[in-house]
Structure formats: structure tokens, C-alpha cells
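Novice: Here you go, one structure.
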Amino acid sequence: MTTLQLKNIVKRYKSQTVLDDLTLDVADGERLVLFGPSGAGKTVLLRLVAGVIEPDEGRVLIGGEDMTDVDAEHRGVGMAFQNFALFPHMSAFDNIASPLTATRSSKEKIAAGVQKVAKLLKIDHVLTHHPKALSNGQKQRTALARALVGSPPLLLLDDPLRNVDAKLRFEMRLELPRLLAAQGATVVYVTQDYKEAMALGDRIAVMAAGRIRQVGTPQEIYNAPADIEIARLFGDPTINLLDVVPQRSGEGVFVELSNVRVRLADYDADVAGKECVLGLRPEAISFADAVAPGAIPVTVEAETPLNEKTVTLALTARGREILVSRPAGTPGPVAGPAHIAVNGTQAFLFDKTSGALLPRADLAAKRSGEAA
Amino acid sequence: MASTETLRRPASGFRISRKMLPYVLSLPALLVCIGILIPFFTAVIYSFQRYRLSQPWSRQFNWGENYLNFFTDPAFWNTLKVSLLYAGITVTLELLLGLGIALLLQRRSTINNFISIMLLLPLMIAPALAALMWKLMTNPSFGILSYLASLIGLHDFRWASSPDTALLTVVLVDIWVYTPFIMILLLAGLRSLPTQPFEAAALDGVPRSFVFFRITLPMLTPYILTATLFRLLDSIQQFDIIYAMTQGGPGNTLTVFQVEAYLNFFQSTNVGRSAALLIILWAITYTLSNVFIKNWLRLRERARGEA
Amino acid sequence: METMSPLERVLRGLALTLVVVFFMFPIFWIFLMSFQTNETILAIPPSIVFSPTLSNYAALITGKLQTAAGTLDIAFMRNLGNSIFLSVASVAVALVLGVPAAYAFARHKFKGSEDIAFTLLSFRFAPPLLVLLPLTQYFQWLGLSNTYFGLIWVYQLICLPLILWIVRGYFEDISADVEYAYRIAGHSWFATFRKIALPLAGPGIAAAGLLAFIFAWNNFVFALVLASADKQPVTVGALAFVTSSGIQYGQIAAAIVLSVTPTLALALYAQRYLVEGLSLGAVKG
């Protein structure tokens, strides 16, 4: 186990700034997920930590030691690549053994080490195969085994599940946390899949355009996305975003949706009159009786059953599209006019110009104990 | 668990820094090439000198005189004319022939692949030796080609030894050696073309001449350009075939740039004029190669993308 | 292409036959000549029916040529040896110099790398005599005239750009991640170069080497300008051969056959890579 600190990292390619004054701390034994859309600079950042590319500015500290000018082979990190990057001319055994051969261990020690990690990853039967003869899943496990075999204190995993099929990805998502916990290493895990990020991360660092936009536990990020962009990236189906101008009344702050008032109990009066974007997770909306208080008339357009929930696309009276999610198997309208109710306590307000989340009053107290 | 301390070697001792590494790796190759660049600059200096090996005492800078003299020098104009004529004729004929053969061999089949490999052989023969082969075949007393010429009524056809047919003969050898070059480049190009446009055209019953001129040729253009420029660069500098066949003769029939420069240097020992000739040739090839490299780079990028 | 009329089929066949005859006949004919005596060669009309003789080859190998004027010593075997030595040594030097440089150009986009690579490439297209003529004088000063060392150095003009550009392409085709993975596993750049880059680019390096060998072997002008008889390769030696009087034509043919056989054999062996090599990687074969 070790710590990782990145201080004011800048990386440019030609005129393009790929990493822009990036600072990040990863604690000892922590599993940090770097999450962001492609092109955010996640892979570049990982390679920079591994030492195969150099930052233009800033320092990389591993275990408190400045490693910025240290070559990759002396940093003692393990890394798994998105495209596996197996050595095509070596057997799976030699691939996995490569971090051990570098330390000049004895043949027996190497063989034992490889066997152990191969058994753990269930690839001990294909060790003699060359990468060409391995299935995609086996390749991925070989790449993972190669990263793990040397028990590196710092493990970098670059979207290792991206190039495997859905079934395998699901399996590995369940298996990985146990595996990583057994390693006891500090882990930086890159992914573009928010579910993976939520499932694997102790903390998640959200990256976009070469900057870290928010760092927090999965719950913090889901329940208080720092800006519209992050709110949109986290959540499936995507969050509903509606332009609103909050108003205030005697009871507190409210917004009007299709002339129906929705109270936002979490917000202070000072947001009133501001141009805002209202963020409503599909699960914060439910179908309601027409007579229920606060019911908003909509027209149901389409319904998509997902595994554990059903997502409905509805149009408001003003023609705005709204996604409504409900647990699968519960009844709901399939087409035609219906009404929805909005849970104002689960709504977010973002500043329309900056996109930043507007501060809620006493959020932590209210949210504690609630699941995502 | 291995700690970073044990893995990390001290930074002292023999270690090439990351920034220096590429320079260190390419330095030996560069040094060798610098040794070759020096004579190039020497040649530039020579070209501005009055310099005859037979009269070393009279060596002095005459600045542009060697070049200025060319304007009134019929031998120079002959050199320019023959060089351009040679390059023009060989490249045009080789392009037409090479394209024709590539089209004939376009479809992948055992026999076509076999023929295309066989046709490579002339290209792998040293041009100087190819010239000797043709010299044996055009020998007036026993050459098979002279015999064949006599069969169609061309008695005493003198091939390379007559000023009238010397150019034709060396062009023939050039075509024999280098047509396969254009052929294999265009064949590779043809075979890498996407098939959909052709299938669509065949379905629509588009006439084949239209397919050729409107689809095949435009798509093949980068390959044709690359092959042509490649050949043009070589052809305008042709030395081996001409020197081995006729040494520039008979008379000055075939004194192309490099042959003329060689003769100037070693026979008339006129170093200044020889160098000036080569600088002019270099200027021509440099211009051509700049056009060429641009086109070639595009093609290379595309080949990399497909790999 | 799918539907060919019978007429077209015949015309295509005819055209291909003509092409094959034109390009193959000279090789075939010289090959025949090399087994003929002067009498059969000079016979009119020429015939392809004759009793073959190995005397031409025997004379070349022993170096003693029987002529009307007596025995003539011809060092053709020495020329052949020179060709082999010069080509092998030049390619070896070019590989040692060129492969690391190609790796540097492929992997590190360092300052000026493209400029340097292009300068090297431009050697491929510069008139060789432009460098050779001044070089004769430098070589005299340096004592390199008519030495193998000097010739091998100059042969780098042909071999080095070829190897640099072809091998660079092969290195670029190796995924950078694969090399990164090996570095991160704890191996130095040199171990990575040796254990990852070299084996993976191996076939390309071999092909580039073979092509460079063919080009070095076929070179004429370098040795013509810089070497005297005892260092000359076959290309120059064969020319001297033709002009020396009293030589039998069959022996010239035999010398040509011996001179072109190595390159033809290599070309057939490496034909898969020829397209790529000849176009310096611009066209994938």
C-alpha cells in the first residue's frame, strides 16, 4: 500500500492542453475511480503516474516520494491496459511472469507466483497459450494477472472491462472488489461506466476536459453532483434538466412546472428569481392520480422496460420531455394522458450560466441514511 | 509486498536520460550521414570554381561562370534534352505498360500471382547487368534480337551502336528493368481499392470504360503519382544502363546528366563543369522529390491506417 | 470482370503471354547462352537445341580463360567475393546503425526528428555522383581510396535510408502500450527494445535487410568511381569483362548468370515484402 499525490499536473500535446493544472490525492489503500467521458485525459493521467509519459509541469509523488523524474521501471506500479497490451510473442505464462523476471527472482519463485495469481483469476489452464489463442475474457484476465503478480503497492487499471462482453463485465464487476481487496494495494481505476464507478470506487474523481471536476464518495456524487455535466454523466436513465426560475412564497422556495408549484424544501430563499436549471432524477418523479396535490398533466409517449426498472418518456403540456422511472413490475400508464408528481426534496438546482450546483441548506443532515 | 524503496535503483551511475535517449540512438546513423553531407557541400564549391584535374595550378573561384557558360554550350543543351527525353519516354511508356499489366493481373488467382512474382525478376537484376544482357542480345554478329530484326527485313539494325537507335535501345532496357516496379505498385494499389463502388457499378450495368475512367483511375491516382515520381526521380538520373550499354555514345547521343558529369570528371578532368552539371541535376531532383515526398507521405499515412 | 466474353479471354491471355515473353525471354536466353560454346552462339539461325557445356562456368571458377591469344587470368570469382562481402558488410553496418535510429524516430517524436529523417530520405533521391566525385578526393586524403571500409561507408547511402524508413514503419506498427507494459513491469528501455520491439519488428527488419542487400549488390556507380579492379563487385567487374578482348560470349553470359542469381533467389524468397520495401513503406504489399 502506498499513497499517490498529483500536484498541479499539466500535459500538453502540441497546442492542446490534455491535463490542466490537475491535483489529486489518493489515500493509502484507497480505491479511487477516475471517471469521465472519453477524451477527458484519464488514460494520459494514468500513464503519467506509471511513468511512461512525462508531465510538462507538476509533480507525481508515490508514497510521498517525488517520482516525476523516475523511469517507469523503477516506480514499482502495476498497470492493466484497456486494450490489454499483451506481448503477442510470449505465452500467457511469460506475459504474467514479466514483472517477476525483472526482479531476477528464481525460476521456482516465478512459477509459483504466476500459478498463484493465475489460479485466482481462473486462467491457470491456458498459461501455455499465446495471446492469439486466448479468448477476449482470458486476455483480459491475463492482463490483470500481469498487473497483480508483482503485488505492486500501487495498481493502475485503465478501463480493464471495456473490451470484454457484457456477461464477463458483469462477472468481473462482482469479482474485482474482492480481488483488489485481497491485494491490499492502492488502486486507481479508470472507467467510462458510471455503474462500474459506483460499484468499485471508495471515492470517485470525475474528470472532464483535463480537469478534475469533483471528488467524492459515490453517494456524494450521485446525490450532490457538482455541476450539470456530472449530473448528466451519473445516472441511467439520464437526469431530467428543465430551465426554471425559482420563486418564493410563504412556505419557501418553489418552481412552477406546467403551472403546478413544486416546493423545493432544501433550498434557501436566496435562489429565488435566478435563472436556474432544475435537475430531476427519473426516480424522483412518479406517476400520480389526477386529483393528487401537485399532480402535473403529461402525455405518455413511450415506455422502455429495463431489468430492474421501467422508464417512461412523457411530454409535459409545454412539450418538454421528461423521463420517469419506476421499479419494474409496478403498474403505470402505457400511453396517453397521465399525471406525474415530483419529489421536491430530491431535486437539484443548478446555476444556468455556470452550471454549478446551487448550495442546499443543511444537505448532509437530510441525506444521511438515504440510499442512492 | 515489495516496497518502492527496494525497487528503485539510485539515479546515479550509467543511465541515459530520457530526453537524450532518442538522440543517442540516432547519433551513429547521423554521423555516417554527415560524412556524406560534407562532399555535397564540396561539390557546391567545385561548381563555382575553375578546376581541372589536369591543371591544378589554375584552380580558382570563377563564381557563376560554369553555370553561365551552359547557356551558350550546345553540349549542355544536348544533355538537358537527352535527359528529359529519356526520363519522359521511359516513364510514360513504363506507366502505360505497368498500368496495363497491373489491370491484367488485378484478379487474385494462382496464375496471376505467379506471373506477378515472375515479372519482378527483371527489377531485381542490377541495371548495369541488365544492360549487358541486352548488349549480348543485340550484338550485330550473334545477338538474337539482331537476328529477329533481320527476319522482319531490318538487316544491319545496329541497336545501341547507331545514333539513330541508341536511345530506343536504352529505353527498351529501362522499360524491361523498371516496368515491373510500376506494375507492382499499381497492382498493390488496385488490390487495395474498396470493392463496393465496383460492385455497385456492375449491378447498375455501368459501361466498363466509364468504370475505369471515373472510378478506377481517380482512386488509383495517388498510387500512380507516387510510382511516377519515384520513377521520374530515378530516370532523370539514369547512369547504370546508359553507361554500361554505350558509355554515353555513340558520340554524345546519350550523354545524360550523370554520364556527362562522369565523363567530364574522369575524361576531360573538368571538375568545375562536372560539379555544376550535377548541381543542376540536383536542383531538378530536389524540386521533384519535394512534390514526391508530400504525395508519398499521404500514401504512407493511408497504408499505416490500413495496416 | 465477372463476365468475360470468349474473345476478351483470348485477348487477355495473348496480352499476358506477350508480357511474360518480353520480361522472361532475356533471362531465359542468357541462361541458355551460358551453357553454349562460341560456335553454337555464333551459329545462324540461333537454335535452342544444342549440347550444353559447363566449360564457361569452369573457366570462370578456375579464373583461367582460354582465348585465341593464350590463357587470360580473369578474377571474376574475386568480383563475386567482393560483391558478397560488400553487400553483407554494408547491410550489417546499416542494420546496426539504422535499426536503433529507426526505433528512435518511430517512438520518440523528438525535436528535429522529422527533419533528420527527411534528410536521410533525400539521400535516396540525390544524384549519387554529386557525392561520389568530391568523395574520390576526400578518400585520397583519408587513405580510404580503394578500401572496403570506404566502400562500405558509401554503400550506407543506399542501405541506410532503406532500412531506416522500412524498419521505422514496422516499429510504428507495434502498439506503444505493449512497450509501456513491459517498462512498467520493471524492465529498462534497452530490455524493452531487445525483448519486445526487436522480436515484434523482426520480420520487417529481415525483409529490409534482404532488400538492402539486393540494392547494395546491384549497385554499380559507387564501385565504378571508388574501387579499382581488386575491390570491384560483379556489376563493375562484368563490364570490364565485356570490354577485355578475346573473351568468349558464353563466359560473359555465365558471369551474368552467376551475378544475378543471388538477388533473384533473395527476391523470390522475400517477394512478400518487396512492394512495401520498394515504395519505402508507402504501399502495403
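If you're wondering about the labels, chains in the C-alpha cells are A, B, ... by order shown, residues count from 1 in each chain, ligands from 1 in order shown.
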At a cut-off of 12 Å, can you tabulate as a Markdown table every residue of stretch 26-109 of chain B near stretch 164-182 of chain C together with its closest atom pair and the distance in Å to one decimal, using only C-alpha atoms and ordering rows by chain then number?
Specialist:
| residue | atom | partner | partner_atom | distance |
| --- | --- | --- | --- | --- |
| B:Ser26 | CA | C:Leu164 | CA | 10.1 |
| B:Ala29 | CA | C:Leu164 | CA | 9.3 |
| B:Leu30 | CA | C:Leu164 | CA | 11.4 |
Novice: Could you save those same residues with N, CA and C atoms as a PDB file, in the first residue's frame?
Specialist:
ATOM      1  N   SER B  26      20.033   7.703 -32.469  1.00  0.00           N
ATOM      2  CA  SER B  26      20.141   8.038 -33.886  1.00  0.00           C
ATOM      3  C   SER B  26      21.467   8.689 -34.229  1.00  0.00           C
ATOM      4  N   ALA B  29      23.934   6.828 -36.837  1.00  0.00           N
ATOM      5  CA  ALA B  29      23.433   6.943 -38.206  1.00  0.00           C
ATOM      6  C   ALA B  29      23.668   8.353 -38.733  1.00  0.00           C
ATOM      7  N   LEU B  30      23.462   9.338 -37.851  1.00  0.00           N
ATOM      8  CA  LEU B  30      23.640  10.726 -38.285  1.00  0.00           C
ATOM      9  C   LEU B  30      25.091  11.016 -38.626  1.00  0.00           C
TER      10      LEU B  30
END
Novice: Residues of chain A within 8 Å of chain C, using only C-alpha atoms, as a list in words?
Specialist: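 The answer, sorted by residue number, is Ala50, Gly51, Val52, Ala72, Glu73, His74, Arg75, Gly76, Val77, Gly78, Met79, Ala80, Phe81, Ala85, Leu86, Phe87, His89, Ser98, Pro99, Leu100, Ala102, Thr103 and Ala147 of chain A.
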Novice: Write to file, as a CSV table (one decimal), in the first residue's frame, the residues of the selection just made, with N, CA and C atoms.
Specialist:
chain,number,residue,atom,x,y,z
A,50,ALA,N,2.2,6.1,-14.2
A,50,ALA,CA,3.0,4.9,-14.4
A,50,ALA,C,4.4,5.3,-14.8
A,51,GLY,N,4.6,6.5,-15.4
A,51,GLY,CA,5.9,7.0,-15.8
A,51,GLY,C,6.3,6.8,-17.2
A,52,VAL,N,5.4,6.3,-18.1
A,52,VAL,CA,5.7,6.2,-19.5
A,52,VAL,C,5.6,7.4,-20.3
A,72,ALA,N,9.8,4.5,-15.6
A,72,ALA,CA,8.7,3.7,-15.3
A,72,ALA,C,9.1,2.4,-14.6
A,73,GLU,N,10.2,1.8,-15.0
A,73,GLU,CA,10.6,0.5,-14.4
A,73,GLU,C,11.0,0.6,-13.0
A,74,HIS,N,11.2,1.8,-12.5
A,74,HIS,CA,11.7,2.0,-11.1
A,74,HIS,C,10.5,2.5,-10.2
A,75,ARG,N,9.3,2.6,-10.7
A,75,ARG,CA,8.3,3.2,-9.9
A,75,ARG,C,7.5,2.1,-9.1
A,76,GLY,N,7.6,0.9,-9.5
A,76,GLY,CA,7.0,-0.2,-8.8
A,76,GLY,C,5.5,-0.2,-8.8
A,77,VAL,N,4.9,0.3,-9.9
A,77,VAL,CA,3.5,0.2,-10.0
A,77,VAL,C,3.1,-0.9,-11.0
A,78,GLY,N,1.8,-1.4,-10.8
A,78,GLY,CA,1.3,-2.4,-11.7
A,78,GLY,C,0.2,-1.7,-12.6
A,79,MET,N,0.1,-2.1,-13.8
A,79,MET,CA,-0.9,-1.4,-14.7
A,79,MET,C,-1.5,-2.4,-15.6
A,80,ALA,N,-2.8,-2.3,-15.8
A,80,ALA,CA,-3.6,-3.1,-16.8
A,80,ALA,C,-4.1,-2.1,-17.8
A,81,PHE,N,-4.0,-2.5,-19.1
A,81,PHE,CA,-4.4,-1.6,-20.1
A,81,PHE,C,-5.7,-1.9,-20.7
A,85,ALA,N,-2.8,-4.9,-24.1
A,85,ALA,CA,-1.3,-4.7,-24.3
A,85,ALA,C,-0.5,-6.0,-23.9
A,86,LEU,N,-1.0,-7.1,-24.3
A,86,LEU,CA,-0.2,-8.4,-24.0
A,86,LEU,C,0.9,-8.4,-25.0
A,87,PHE,N,2.0,-9.1,-24.6
A,87,PHE,CA,3.1,-9.3,-25.5
A,87,PHE,C,2.8,-10.4,-26.5
A,89,HIS,N,4.2,-12.1,-28.7
A,89,HIS,CA,5.1,-13.2,-29.0
A,89,HIS,C,5.5,-14.0,-27.7
A,98,SER,N,6.3,-11.4,-16.6
A,98,SER,CA,7.3,-10.4,-16.9
A,98,SER,C,7.6,-9.4,-15.8
A,99,PRO,N,6.7,-9.1,-14.8
A,99,PRO,CA,7.1,-8.2,-13.7
A,99,PRO,C,8.1,-9.0,-12.8
A,100,LEU,N,8.0,-10.3,-12.7
A,100,LEU,CA,8.8,-11.1,-11.8
A,100,LEU,C,10.2,-11.3,-12.4
A,102,ALA,N,11.8,-9.3,-14.1
A,102,ALA,CA,12.6,-8.0,-14.0
A,102,ALA,C,13.3,-8.0,-12.6
A,103,THR,N,12.8,-8.7,-11.6
A,103,THR,CA,13.4,-8.6,-10.3
A,103,THR,C,14.4,-9.7,-10.1
A,147,ALA,N,-0.7,-7.4,-14.1
A,147,ALA,CA,-0.6,-6.2,-13.2
A,147,ALA,C,-0.5,-6.6,-11.8
Novice: Just need the residues of chain C within 7 Å of chain B, counting only C-alpha atoms, so spit them out as a tab-separated table (two decimals) with N, CA and C atoms, in the first residue's frame.
Specialist:
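The resulting iface_31.tsv:
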chain	number	residue	atom	x	y	z
C	12	ARG	N	-6.91	-11.26	-73.51
C	12	ARG	CA	-6.19	-11.14	-72.25
C	12	ARG	C	-5.06	-12.15	-72.17
C	23	PHE	N	9.34	-10.10	-70.70
C	23	PHE	CA	10.11	-9.93	-69.47
C	23	PHE	C	10.94	-11.16	-69.10
C	30	ILE	N	19.86	-15.63	-71.88
C	30	ILE	CA	21.22	-15.51	-71.34
C	30	ILE	C	21.59	-16.78	-70.59
C	41	ILE	N	26.88	-20.30	-80.25
C	41	ILE	CA	26.34	-18.94	-80.10
C	41	ILE	C	26.36	-18.21	-81.43
C	42	LEU	N	27.43	-18.41	-82.17
C	42	LEU	CA	27.58	-17.66	-83.43
C	42	LEU	C	26.81	-18.29	-84.58
C	46	PRO	N	20.02	-18.84	-84.85
C	46	PRO	CA	20.23	-19.32	-83.49
C	46	PRO	C	19.28	-20.47	-83.19
C	97	LEU	N	23.42	0.52	-37.44
C	97	LEU	CA	23.21	1.96	-37.32
C	97	LEU	C	21.74	2.33	-37.47
C	98	GLY	N	21.08	1.64	-38.38
C	98	GLY	CA	19.75	2.09	-38.80
C	98	GLY	C	18.63	1.64	-37.89
C	100	PRO	N	18.46	1.07	-34.49
C	100	PRO	CA	18.24	1.95	-33.33
C	100	PRO	C	17.70	3.32	-33.73
C	101	ALA	N	18.23	3.87	-34.82
C	101	ALA	CA	17.76	5.17	-35.27
C	101	ALA	C	16.29	5.08	-35.68
C	104	ALA	N	14.26	5.12	-32.65
C	104	ALA	CA	14.18	6.47	-32.08
C	104	ALA	C	13.17	7.31	-32.85
C	108	HIS	N	10.04	8.14	-30.46
C	108	HIS	CA	10.21	9.42	-29.80
C	108	HIS	C	10.11	10.51	-30.84
C	125	PHE	N	17.25	10.15	-53.14
C	125	PHE	CA	16.85	10.78	-54.40
C	125	PHE	C	17.90	11.74	-54.95
C	126	ALA	N	19.02	11.88	-54.27
C	126	ALA	CA	20.04	12.80	-54.77
C	126	ALA	C	20.91	12.07	-55.80
C	127	PRO	N	21.45	12.81	-56.77
C	127	PRO	CA	22.32	12.17	-57.75
C	127	PRO	C	23.57	11.62	-57.06
C	129	LEU	N	26.47	10.73	-58.04
C	129	LEU	CA	27.78	11.26	-58.45
C	129	LEU	C	28.08	12.58	-57.75
C	130	LEU	N	27.04	13.32	-57.39
C	130	LEU	CA	27.22	14.59	-56.71
C	130	LEU	C	28.05	14.39	-55.44
C	131	VAL	N	27.81	13.29	-54.76
C	131	VAL	CA	28.57	12.98	-53.56
C	131	VAL	C	29.86	12.24	-53.91
C	134	PRO	N	33.34	14.42	-55.37
C	134	PRO	CA	34.20	15.03	-54.35
C	134	PRO	C	34.78	13.98	-53.40
C	135	LEU	N	34.01	12.93	-53.18
C	135	LEU	CA	34.45	11.90	-52.25
C	135	LEU	C	35.73	11.22	-52.72
C	218	ASN	N	23.26	-4.76	-56.36
C	218	ASN	CA	23.01	-4.26	-57.71
C	218	ASN	C	23.67	-2.92	-57.99
C	219	ASN	N	24.28	-2.33	-56.98
C	219	ASN	CA	24.87	-1.01	-57.20
C	219	ASN	C	26.05	-1.09	-58.15
C	220	PHE	N	26.16	-0.06	-58.93
C	220	PHE	CA	27.18	-0.04	-59.98
C	220	PHE	C	28.10	1.16	-59.83
C	221	VAL	N	27.48	2.33	-59.67
C	221	VAL	CA	28.24	3.56	-59.82
C	221	VAL	C	29.23	3.79	-58.68
C	235	THR	N	29.02	-6.17	-60.63
C	235	THR	CA	28.41	-5.25	-61.59
C	235	THR	C	29.48	-4.52	-62.40
C	239	LEU	N	31.42	-5.59	-66.47
C	239	LEU	CA	31.58	-4.63	-67.56
C	239	LEU	C	33.01	-4.66	-68.10
C	256	ILE	N	27.21	-13.29	-66.05
C	256	ILE	CA	25.96	-12.58	-65.74
C	256	ILE	C	25.04	-13.48	-64.91
C	260	VAL	N	23.59	-12.51	-61.20
C	260	VAL	CA	22.21	-12.15	-60.87
C	260	VAL	C	21.51	-13.21	-60.03
C	263	THR	N	20.59	-12.29	-56.18
C	263	THR	CA	19.50	-11.33	-55.97
C	263	THR	C	18.17	-11.92	-56.40
C	264	LEU	N	18.17	-12.67	-57.50
C	264	LEU	CA	16.91	-13.27	-57.94
C	264	LEU	C	16.40	-14.25	-56.90
C	267	ALA	N	15.07	-12.30	-53.98
C	267	ALA	CA	13.83	-11.62	-54.34
C	267	ALA	C	12.66	-12.59	-54.30
C	275	VAL	N	6.96	-5.10	-52.30
C	275	VAL	CA	6.16	-3.91	-52.60
C	275	VAL	C	6.41	-2.86	-51.52
C	281	GLY	N	7.68	1.72	-47.83
C	281	GLY	CA	6.57	1.63	-46.91
C	281	GLY	C	5.35	2.44	-47.29
C	282	ALA	N	5.38	3.09	-48.45
C	282	ALA	CA	4.22	3.90	-48.84
C	282	ALA	C	3.07	3.03	-49.28
C	283	VAL	N	3.37	1.84	-49.81
C	283	VAL	CA	2.33	0.95	-50.29
C	283	VAL	C	2.49	-0.37	-49.58
C	284	LYS	N	1.42	-0.78	-48.91
C	284	LYS	CA	1.48	-2.07	-48.20
C	284	LYS	C	1.31	-3.21	-49.21
C	285	GLY	N	2.20	-4.16	-49.12
C	285	GLY	CA	2.14	-5.27	-50.08
C	285	GLY	C	1.08	-6.27	-49.71
Novice: Nearest residue to C:Leu280 out of C:Ala197, C:Phe31, C:Arg124, C:Gly237, using only C-alpha atoms?
Specialist: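 Result for the nearest residue to C:Leu280: C:Arg124.
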Novice: Using the chain letters and numbers from this document, which residues of stretch 12-251 of chain B does DSSP assign to alpha helix (DSSP H), as a VMD selection string?
Specialist: chain B and resid 21 to 47 65 to 71 74 to 104 110 to 124 127 to 137 144 to 151 166 to 192 196 to 203 208 to 211 217 to 235 240 to 246
Novice: Just give me the gap between atom CA of C:Ser55 and atom CA of C:Gln248 in Å, one decimal is fine.
Specialist: 10.7 Å
Novice: Quick one: everything within 12 Å of stretch 337-340 of chain A, counting only C-alpha atoms, minus sequence neighbours fewer than 5 positions away in the same chain. Send it as a VMD selection string.
Specialist: chain A and resid 257 to 258 260 262 282 to 302 312 to 317 322 to 326 332
Novice: Which residues are near A:Lys42? Cut-off 10 Å, only C-alpha atoms, ignore same chain within fewer than 2 positions. Put them as a list in words.
Specialist: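 Listing them by chain and then by number gives Val18, Leu19, Leu34, Phe35, Gly36, Pro37, Ser38, Gly39, Ala40, Val44, Leu45, Leu46, Arg47, Leu48, Asp158, Asp159, Tyr189, Val190, Thr191, Gln192, Val206, Met207, Ala208, Ala209, Gly210, Arg211 and Ile212 of chain A.
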